[in-house]
Structures are given as C-alpha cells and as structure tokens.
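One structure below.
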Amino acid sequence: MGAAALMRTSVSRREFLAVSAHAGLGALALPLGGVLRPREVLAQSATSGVREIQLEAREVQRELAPGKVVRAMAYNGQIPGPALRLREGERVRVALRNALAEPTTIHWHGVDVPNAMDGVPGITQKAIQPGETFVYEFEARPAGTRWYHTHFEEHRQLDLGLAAPLIIEPARPDPFPVDREYTLVLDDWATGTGQPVPATREGVAGARGGTGGMMGGMGGMMGRGGMGPMMGGGQTPAYDTMTINGKAYPATEPLRVRKGERVRLRLINASADHTHVARLVGHRLQVTHTDGNPLVQPVDVDAVPIAPSERYDVMVVADRPGAWVFTCLAPGHRAAGEQVLVVYEGHEGGNAKAPDEGVAGLDLWQYGLGRGRDVLPRPSGRERVYDLALSGGMMGSDVWTINGKQYPRTDPLRLRRGDVARVRFVNHSMEAHPMHLHGQSFKVLAVNGARYAQPIVKDSVDVEGRMGSAVVEFTADNPGDWLFHCHKPMHMDGGMIALVKVR
Ligand code: C2O
Ligand code: CU
C-alpha cells in the first residue's frame with residue numbers, strides 16, 4: 001500500500017500504526033497522540049526529505065484574560081495552534097490525531113494542495129472520527145502567510161480555537177527583507193463575560209474606505225450590541241472578547257523591537273464574524289503582501305482593515321522609540337481586549353498612548369491601492385464568466401444564498417483544466433461576505449465598479465454589503481471539487497457555498 005492510498009484513508013490509531021509499519025513509514029516515529037511544543041514540531045524534519053508533523057486536536061480550558069476562562073479546542077494544546085513554518089516546495093506530511101469527542105478535519109487555507117488533502121468533509125475526505133488519525137500530505141506552496149483550521153462545523157470548532165498560522169518561506173530571496181517578525185492571529189470569542197461587541201456589517205476592506213461600511217455609517221453601531229441578538233443572522237454568537245494570539249489585553253504578550261529595525265507583522269484574521277482594523281499608534285504600516293502574495297511595492301497606510309480569513313503582511317520601520325499600542329480601531333474591539341504593546345528596547349515600562357477609536361482622518365488600506373505581481377498560472381483554455389448574487393439574512397434569518405439557492409442546491413462552476421474563470425459577485429444583503437476559494441488563488445480585477453490595472457492576488461475577497469461588488473479571476477489549474485464560500489461560518493452553514501469543479 002503506497003503512501004497515496006494511505007492518505008486517502010481515515011484509520012483508527014491501531015490500524016494506522018499497523019499500516020505505517022507495512023508501508024515503511026517508519027519516519028513517522030513520533031508518539032501518536034503525544035503533545036508537542038511548537039519547537040519540537042519544527043524539529044521533526046525527516047531524513048526522507050518529507051517533513052513530518054504531528055498534530056492533535058482536543059478540548060482544553062483556556063484563560064483568555066484574567067477571569068475569562070473558556071472551554072476551547074486546541075491543536076497540541078495551543079491557541080492558536082503551533083505555527084508551521086515550511087520552505088516553499090517542501091513536502092510535508094501532517095498526521096492529525098482527533099482526540100476530540102466529535103469529528104474534525106483540517107483545511108490548509110491558501111495552500112494549493114491536491115484536492116484529496118483539502119480537508120472538506122463529505123467532499124474531499126470523510127470526517128476524522130474521535131480517536132482516528134488522518135495523514136495529510138502536500139507540497140508547501142505558494143510562499144507566504146497561510147493558515148490552517150478546522151473545516152468541520154466551523155461555526156463551533158473554528159470559534160473554539162482550532163486555527164493556526166502556516167508560514168511558507170519563499171525559495172527565492174524575500175522581496176521585502178526584515179530584521180524581525182511577529183505573527184498575530186486575531187480572533188473573536190463569545191465567553192458570556194462581557195458586553196457584546198458590535199457586529200461587522202457592510203465591511204470596509206474593499207474600496208469604500210472610511211465612508212461606507214462599519215466605520216462611517218450606522219451599520220457597525222447597529223449590530224448585536226445595540227439592537228439585540230436577532231439583528232443580522234439569527235444564531236450568531238454574542239462576541240464579547242477579542243484576542244491576539246489567544247490572549248486578550250492585558251494578558252497579551254508585548255512585542256519587542258529595537259530602534260532602526262524593519263519589523264514584519266503577519267496579520268491573520270481567524271474571526272468568525274468581525275473585520276479588524278489594524279493600527280500601530282505612532283507608526284505607518286507598509287502593506288507588503290495580500291493573503292500571503294507579495295505586492296510589487298509596499299503600500300504605506302495608517303491602518304489595515306482585515307476581513308475574516310484575510311491575511312496581510314505589513315512592515316513597520318521602528319523609528320520612534322517608546323512604548324506603543326497595536327490595536328484594532330473597530331468600535332468596541334480594543335475594550336474587548338484586542339490590544340498588544342509594542343515596546344522598544346530600553347523603553348520597557350513606558351506609558352503607551354491609547355488611540356482614538358474610529359478611522360477619521362486616517363489613510364486606510366483598500367484593495368485598489370495595491371499593485372499585484374502576475375504570479376498565477378497562464379490560462380490555456382476557454383474563458384468562462386459567472387455571475388454570483390449573494391443574498392440572505394433577511395429579517396434575522398440564517399438562510400444565505402448564491403443566485404437564490406442554498407448549498408448544496410447552488411449551481412456548480414464547471415471548468416476544464418486551463419480555463420480562466422471570471423466570477424462577478426454582487427452582494428444584495430446587508431452584510432459583507434468574505435468569499436474564499438479553495439485550492440487556488442485569484443486576482444481581484446475590480447471592486448464596487450472600479451477596475452484595477454495591476455490586480456492584487458488573494459484567496460479571499462470581501463464583498464461589501466448593500467450592493468457591493470467584486471470581480472475575481474483565476475486559472476482553473478488544480479483539478480478537483482473546490483469550495484468557494486463565505487468565510488463567516490454562520491453564512492457558510494446557512495448555504496453560501498458554490499462548488500468549483502475543475503476536470
Ligand atoms: Cu479558511 Cu473553507 O476555508
Ligand atoms: Cu457571509
């Protein structure tokens with residue numbers, strides 16, 4: 001039995017060990033179910049040239065901040081899970097042992113994995129049952145800030161902490177070298193211990209900047225916080241705590257920098273519901289990568305809106321010694337814990353000035369500011385155009401649709417390998433939808449009617465509410481059945497998924 005056959009089979013631990021021995025997978029020498037610290041995870045580079053990684057999903061209790069203890073789910077006991085740092089092109093084999101009391105899977109978000117490794121239960125694999133181990137194997141590409149997370153009942157499991165960074169170092173020299181870097185995973189929690197934070201409604205990540213969407217209009221103010229739990233999707237939890245790397249301020253770990261350094265922050269929004277607006281007081285942020293993909297040139301802004309599932313790499317030039325606040329400017333987020341100090345060497349114990357909430361007068365990142373690199377595969381087939389109308393959530397309902405249909409009744413996009421697909425989204429609902437495509441990245445050609453000459457490359461595009469639109473284009477290069485879905489798990493569960501079938 002070859003490794004490929006093994007990978008497609010979900011087996012019990014005992015069978016797994018037996019099969020491993022037969023298949024000569026002796027390199028997988030780690031104790032199954034053993035808990036590893038992140039360093040150990042990275043140390044397991046096997047002699048075979050395949051990097052072996054062991055993950056275990058299980059329930060934990062976690063203190064997000066003093067007095068805020070939650071039941072959660074963790075990879076290897078950590079929230080976020082261990083950051084996997086791989087080299088572009090490297091082969092990796094990840095054995096996920098499910099020590100939860102319910103099924104699970106892992107999706108490698110933003111990685112061009114073979115379809116059978118994509119982690120979508122019922123589509124690309126059977127859900128991994130409690131006590132079972134499943135082995136994922138793929139090549140790490142493309143380079144950049146990716147992440148991995150559960151794809152089983154995400155509205156619970158992702159919310160409870162099953163998410164982690166996956167960083168792929170470029171094989172070629174980094175276009176934007178830095179002296180130091182930090183990865184920050186932003187997440188929202190419903191702990192029942194505080195005042196609910198207003199929901200993100202129309203969104204801001206596209207192109208309306210500070211005028212439309214949650215920052216300028218009433219939308220953000222009128223979420224669950226202000227209008228009661230039925231406003232915008234029946235069962236959306238009351239998020240009251242915002243974390244950075246699994247901790248809410250004051251429990252967040254300060255980031256240390258030295259004067260003169262160029263510092264990269266890899267920002268990952270693992271939230272189920274909220275757009276965050278990242279800001280480091282006293283500093284500009286230079287956006288260098290969109291969903292992991294390098295721009296031609298950095299874009300200098302004051303703050304970066306990040307929709308659920310999006311990633312931005314930003315560079316900070318550490319030229320203002322002191323202690324500063326890195327935080328989110330969306331209403332209520334800082335008070336809910338989304339804050340971490342950035343402390344220059346020699347300025348420990350310094351007083352950090354809190355920013356004003358809101359984005360008035362600030363330069364905000366928007367998709368149209370970036371110039372992308374032309375990195376996607378060349379098309380060789382037909383050109384197909386799809387119009388997808390996003391709708392739903394009427395009167396607080398949990399039904400979310402594409403062209404009036406709820407998944408699995410939505411129409412699939414049928415493509416042949418080499419075809420180029422242009423997908424035109426129009427959002428008829430009141431809420432923004434961060435639409436994520438599995439298995440390949442796309443170019444963002446236009447947003448809200450504005451066309452971009454040098455489109456940025458992403459795998460999630462935030463389509464703003466109230467008739468916001470976005471046009472994306474990708475080359476169907478990776479065969480298989482791929483989800484194209486809203487990354488707000490409540491919306492995905494409510495039916496906002498289309499299948500992209502590449503043959
Ligand atoms: Cu982050 Cu279906 O994905
Ligand atoms: Cu949505």
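Numbering starts fresh at 1 for the residues of each chain in the structure tokens, the chains themselves are lettered A, B, ... in the order given, and ligands are numbered from 1 as they appear.
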Can you pull out the residues contacting stretch 91-101 of chain A? Cut-off 8 Å, using only C-alpha atoms, and skip same-chain residues under 6 positions away; I want them as a PyMOL selection string. chain A and resi 32-33+49-59+128-140
Residues flagged strand (DSSP E or B) by DSSP in stretch 289-367 of chain A, as a ChimeraX atom specification: /A:289-290,293-301,303-306,311-317,323-328,339-344,364
Using atom CA of A:Gly246 and atom CA of A:Gly161 as the two end points, give the distance in Å to one decimal.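 Computing the Euclidean distance for atom CA of A:Gly246 and atom CA of A:Gly161 yields 8.1 Å.
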Could you state the separation of atom CA of A:Asp356 and atom CA of A:Arg180 in Å, given to one decimal place?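 Spanning atom CA of A:Asp356 to atom CA of A:Arg180 is a straight-line distance of 27.7 Å.
Of the residues in stretch 439-500 of chain A, those given helix (DSSP H, G or I) by DSSP on the backbone are Pro489, Met490, His491, Met492 and Asp493 of chain A.
Separating atom CA of A:Tyr249 from atom CA of A:Glu338 is a distance of 6.3 Å.
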Could you report the residues within 8 Å of ligand 2, using only C-alpha atoms and all ligand atoms, as a PDB file with all heavy atoms, in the first residue's frame?
```
ATOM      1  N   TRP A 400     -28.607  31.810   3.789  1.00  0.00           N
ATOM      2  CA  TRP A 400     -27.711  32.629   2.964  1.00  0.00           C
ATOM      3  C   TRP A 400     -27.577  31.953   1.617  1.00  0.00           C
ATOM      4  O   TRP A 400     -27.385  30.734   1.553  1.00  0.00           O
ATOM      5  CB  TRP A 400     -26.358  32.790   3.641  1.00  0.00           C
ATOM      6  CG  TRP A 400     -26.465  33.538   4.937  1.00  0.00           C
ATOM      7  CD1 TRP A 400     -26.622  32.992   6.185  1.00  0.00           C
ATOM      8  CD2 TRP A 400     -26.483  34.957   5.121  1.00  0.00           C
ATOM      9  NE1 TRP A 400     -26.722  33.987   7.128  1.00  0.00           N
ATOM     10  CE2 TRP A 400     -26.636  35.204   6.507  1.00  0.00           C
ATOM     11  CE3 TRP A 400     -26.376  36.045   4.251  1.00  0.00           C
ATOM     12  CZ2 TRP A 400     -26.691  36.496   7.038  1.00  0.00           C
ATOM     13  CZ3 TRP A 400     -26.412  37.327   4.784  1.00  0.00           C
ATOM     14  CH2 TRP A 400     -26.568  37.544   6.163  1.00  0.00           C
ATOM     15  N   GLU A 431     -24.918  42.499   4.843  1.00  0.00           N
ATOM     16  CA  GLU A 431     -23.635  42.184   5.481  1.00  0.00           C
ATOM     17  C   GLU A 431     -22.566  41.892   4.444  1.00  0.00           C
ATOM     18  O   GLU A 431     -22.857  41.335   3.389  1.00  0.00           O
ATOM     19  CB  GLU A 431     -23.775  40.944   6.373  1.00  0.00           C
ATOM     20  CG  GLU A 431     -24.661  41.169   7.561  1.00  0.00           C
ATOM     21  CD  GLU A 431     -24.466  40.112   8.626  1.00  0.00           C
ATOM     22  OE1 GLU A 431     -23.312  39.717   8.860  1.00  0.00           O
ATOM     23  OE2 GLU A 431     -25.465  39.678   9.210  1.00  0.00           O
ATOM     24  N   ALA A 432     -21.313  42.205   4.788  1.00  0.00           N
ATOM     25  CA  ALA A 432     -20.200  41.863   3.911  1.00  0.00           C
ATOM     26  C   ALA A 432     -19.973  40.355   3.929  1.00  0.00           C
ATOM     27  O   ALA A 432     -20.201  39.692   4.946  1.00  0.00           O
ATOM     28  CB  ALA A 432     -18.935  42.575   4.381  1.00  0.00           C
ATOM     29  N   HIS A 433     -19.520  39.812   2.798  1.00  0.00           N
ATOM     30  CA  HIS A 433     -19.199  38.389   2.708  1.00  0.00           C
ATOM     31  C   HIS A 433     -17.771  38.208   2.216  1.00  0.00           C
ATOM     32  O   HIS A 433     -17.482  38.476   1.048  1.00  0.00           O
ATOM     33  CB  HIS A 433     -20.169  37.677   1.770  1.00  0.00           C
ATOM     34  CG  HIS A 433     -21.590  37.787   2.204  1.00  0.00           C
ATOM     35  ND1 HIS A 433     -22.057  37.222   3.369  1.00  0.00           N
ATOM     36  CD2 HIS A 433     -22.635  38.445   1.650  1.00  0.00           C
ATOM     37  CE1 HIS A 433     -23.340  37.507   3.514  1.00  0.00           C
ATOM     38  NE2 HIS A 433     -23.718  38.256   2.494  1.00  0.00           N
ATOM     39  N   PRO A 434     -16.874  37.754   3.079  1.00  0.00           N
ATOM     40  CA  PRO A 434     -15.514  37.432   2.629  1.00  0.00           C
ATOM     41  C   PRO A 434     -15.529  36.080   1.919  1.00  0.00           C
ATOM     42  O   PRO A 434     -15.598  35.034   2.553  1.00  0.00           O
ATOM     43  CB  PRO A 434     -14.716  37.384   3.938  1.00  0.00           C
ATOM     44  CG  PRO A 434     -15.724  37.127   5.018  1.00  0.00           C
ATOM     45  CD  PRO A 434     -17.042  37.624   4.535  1.00  0.00           C
ATOM     46  N   MET A 435     -15.475  36.118   0.594  1.00  0.00           N
ATOM     47  CA  MET A 435     -15.617  34.894  -0.208  1.00  0.00           C
ATOM     48  C   MET A 435     -14.242  34.272  -0.446  1.00  0.00           C
ATOM     49  O   MET A 435     -13.348  34.909  -1.010  1.00  0.00           O
ATOM     50  CB  MET A 435     -16.295  35.214  -1.549  1.00  0.00           C
ATOM     51  CG  MET A 435     -17.695  35.807  -1.406  1.00  0.00           C
ATOM     52  SD  MET A 435     -18.900  34.711  -0.570  1.00  0.00           S
ATOM     53  CE  MET A 435     -19.015  33.343  -1.728  1.00  0.00           C
ATOM     54  N   CYS A 486     -18.459  31.819   1.682  1.00  0.00           N
ATOM     55  CA  CYS A 486     -18.283  32.912   2.626  1.00  0.00           C
ATOM     56  C   CYS A 486     -17.563  32.367   3.851  1.00  0.00           C
ATOM     57  O   CYS A 486     -17.895  31.305   4.364  1.00  0.00           O
ATOM     58  CB  CYS A 486     -19.618  33.498   3.041  1.00  0.00           C
ATOM     59  SG  CYS A 486     -19.390  34.811   4.281  1.00  0.00           S
ATOM     60  N   HIS A 487     -16.556  33.120   4.332  1.00  0.00           N
ATOM     61  CA  HIS A 487     -15.760  32.641   5.458  1.00  0.00           C
ATOM     62  C   HIS A 487     -16.325  33.053   6.813  1.00  0.00           C
ATOM     63  O   HIS A 487     -15.671  32.888   7.835  1.00  0.00           O
ATOM     64  CB  HIS A 487     -14.309  33.087   5.321  1.00  0.00           C
ATOM     65  CG  HIS A 487     -13.318  32.061   5.790  1.00  0.00           C
ATOM     66  ND1 HIS A 487     -13.097  31.804   7.128  1.00  0.00           N
ATOM     67  CD2 HIS A 487     -12.527  31.202   5.115  1.00  0.00           C
ATOM     68  CE1 HIS A 487     -12.184  30.859   7.241  1.00  0.00           C
ATOM     69  NE2 HIS A 487     -11.823  30.465   6.036  1.00  0.00           N
ATOM     70  N   LYS A 488     -17.541  33.577   6.817  1.00  0.00           N
ATOM     71  CA  LYS A 488     -18.238  33.685   8.095  1.00  0.00           C
ATOM     72  C   LYS A 488     -18.969  32.357   8.261  1.00  0.00           C
ATOM     73  O   LYS A 488     -19.897  32.059   7.493  1.00  0.00           O
ATOM     74  CB  LYS A 488     -19.205  34.867   8.074  1.00  0.00           C
ATOM     75  CG  LYS A 488     -18.498  36.208   8.008  1.00  0.00           C
ATOM     76  CD  LYS A 488     -19.467  37.381   7.920  1.00  0.00           C
ATOM     77  CE  LYS A 488     -18.707  38.703   7.968  1.00  0.00           C
ATOM     78  NZ  LYS A 488     -19.588  39.867   7.644  1.00  0.00           N
ATOM     79  N   PRO A 489     -18.550  31.527   9.221  1.00  0.00           N
ATOM     80  CA  PRO A 489     -19.084  30.163   9.286  1.00  0.00           C
ATOM     81  C   PRO A 489     -20.615  30.099   9.361  1.00  0.00           C
ATOM     82  O   PRO A 489     -21.210  29.180   8.799  1.00  0.00           O
ATOM     83  CB  PRO A 489     -18.447  29.599  10.565  1.00  0.00           C
ATOM     84  CG  PRO A 489     -17.186  30.379  10.723  1.00  0.00           C
ATOM     85  CD  PRO A 489     -17.487  31.760  10.211  1.00  0.00           C
ATOM     86  N   MET A 490     -21.222  31.076   9.996  1.00  0.00           N
ATOM     87  CA  MET A 490     -22.687  31.056  10.056  1.00  0.00           C
ATOM     88  C   MET A 490     -23.285  31.195   8.656  1.00  0.00           C
ATOM     89  O   MET A 490     -24.312  30.624   8.353  1.00  0.00           O
ATOM     90  CB  MET A 490     -23.226  32.175  10.953  1.00  0.00           C
ATOM     91  CG  MET A 490     -22.799  32.110  12.405  1.00  0.00           C
ATOM     92  SD  MET A 490     -23.292  30.611  13.277  1.00  0.00           S
ATOM     93  CE  MET A 490     -25.062  30.737  13.180  1.00  0.00           C
ATOM     94  N   HIS A 491     -22.626  31.984   7.814  1.00  0.00           N
ATOM     95  CA  HIS A 491     -23.134  32.179   6.455  1.00  0.00           C
ATOM     96  C   HIS A 491     -22.858  30.950   5.594  1.00  0.00           C
ATOM     97  O   HIS A 491     -23.671  30.552   4.769  1.00  0.00           O
ATOM     98  CB  HIS A 491     -22.500  33.407   5.820  1.00  0.00           C
ATOM     99  CG  HIS A 491     -22.822  34.690   6.533  1.00  0.00           C
ATOM    100  ND1 HIS A 491     -22.410  35.910   6.083  1.00  0.00           N
ATOM    101  CD2 HIS A 491     -23.525  34.928   7.673  1.00  0.00           C
ATOM    102  CE1 HIS A 491     -22.840  36.857   6.920  1.00  0.00           C
ATOM    103  NE2 HIS A 491     -23.506  36.283   7.892  1.00  0.00           N
ATOM    104  N   MET A 492     -21.697  30.356   5.806  1.00  0.00           N
ATOM    105  CA  MET A 492     -21.371  29.142   5.064  1.00  0.00           C
ATOM    106  C   MET A 492     -22.364  28.039   5.420  1.00  0.00           C
ATOM    107  O   MET A 492     -22.926  27.394   4.538  1.00  0.00           O
ATOM    108  CB  MET A 492     -19.944  28.710   5.418  1.00  0.00           C
ATOM    109  CG  MET A 492     -19.522  27.433   4.753  1.00  0.00           C
ATOM    110  SD  MET A 492     -17.755  27.137   4.924  1.00  0.00           S
ATOM    111  CE  MET A 492     -17.680  26.524   6.558  1.00  0.00           C
ATOM    112  N   MET A 496     -24.154  29.638   1.874  1.00  0.00           N
ATOM    113  CA  MET A 496     -23.419  30.479   0.926  1.00  0.00           C
ATOM    114  C   MET A 496     -22.128  29.806   0.480  1.00  0.00           C
ATOM    115  O   MET A 496     -21.012  30.202   0.834  1.00  0.00           O
ATOM    116  CB  MET A 496     -23.141  31.855   1.544  1.00  0.00           C
ATOM    117  CG  MET A 496     -22.703  32.876   0.504  1.00  0.00           C
ATOM    118  SD  MET A 496     -22.582  34.529   1.179  1.00  0.00           S
ATOM    119  CE  MET A 496     -24.279  35.087   1.084  1.00  0.00           C
TER     120      MET A 496
END
```
Which residue out of A:Val325, A:Met117, A:Val461, A:Leu415 has the minimum interatomic distance to A:Arg503 when only C-alpha atoms are used?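 With only C-alpha atoms as the atom set, the closest residue is A:Leu415.
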Produce as a ChimeraX atom specification the set of residues near ligand 1, where near means within 7 Å with only C-alpha atoms and all ligand atoms considered. /A:107,109,149,151,309,436,438,483,485,487
Requested write-out: C-alpha atoms of the selected residues, as an mmCIF file, in the first residue's frame:
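The new file result03.cif reads:
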```
data_model
loop_
_atom_site.group_PDB
_atom_site.id
_atom_site.type_symbol
_atom_site.label_atom_id
_atom_site.label_comp_id
_atom_site.auth_asym_id
_atom_site.auth_seq_id
_atom_site.Cartn_x
_atom_site.Cartn_y
_atom_site.Cartn_z
ATOM 1 C CA HIS A 107 -8.206 22.781 5.729
ATOM 2 C CA HIS A 109 -6.177 27.777 3.776
ATOM 3 C CA HIS A 149 -8.049 25.481 10.536
ATOM 4 C CA HIS A 151 -13.420 22.595 8.364
ATOM 5 C CA SER A 309 -9.864 34.756 6.717
ATOM 6 C CA HIS A 436 -12.813 32.323 -0.104
ATOM 7 C CA HIS A 438 -10.099 26.673 -2.001
ATOM 8 C CA LEU A 483 -15.463 25.213 -2.263
ATOM 9 C CA HIS A 485 -17.689 30.117 0.180
ATOM 10 C CA HIS A 487 -15.760 32.641 5.458
#
```
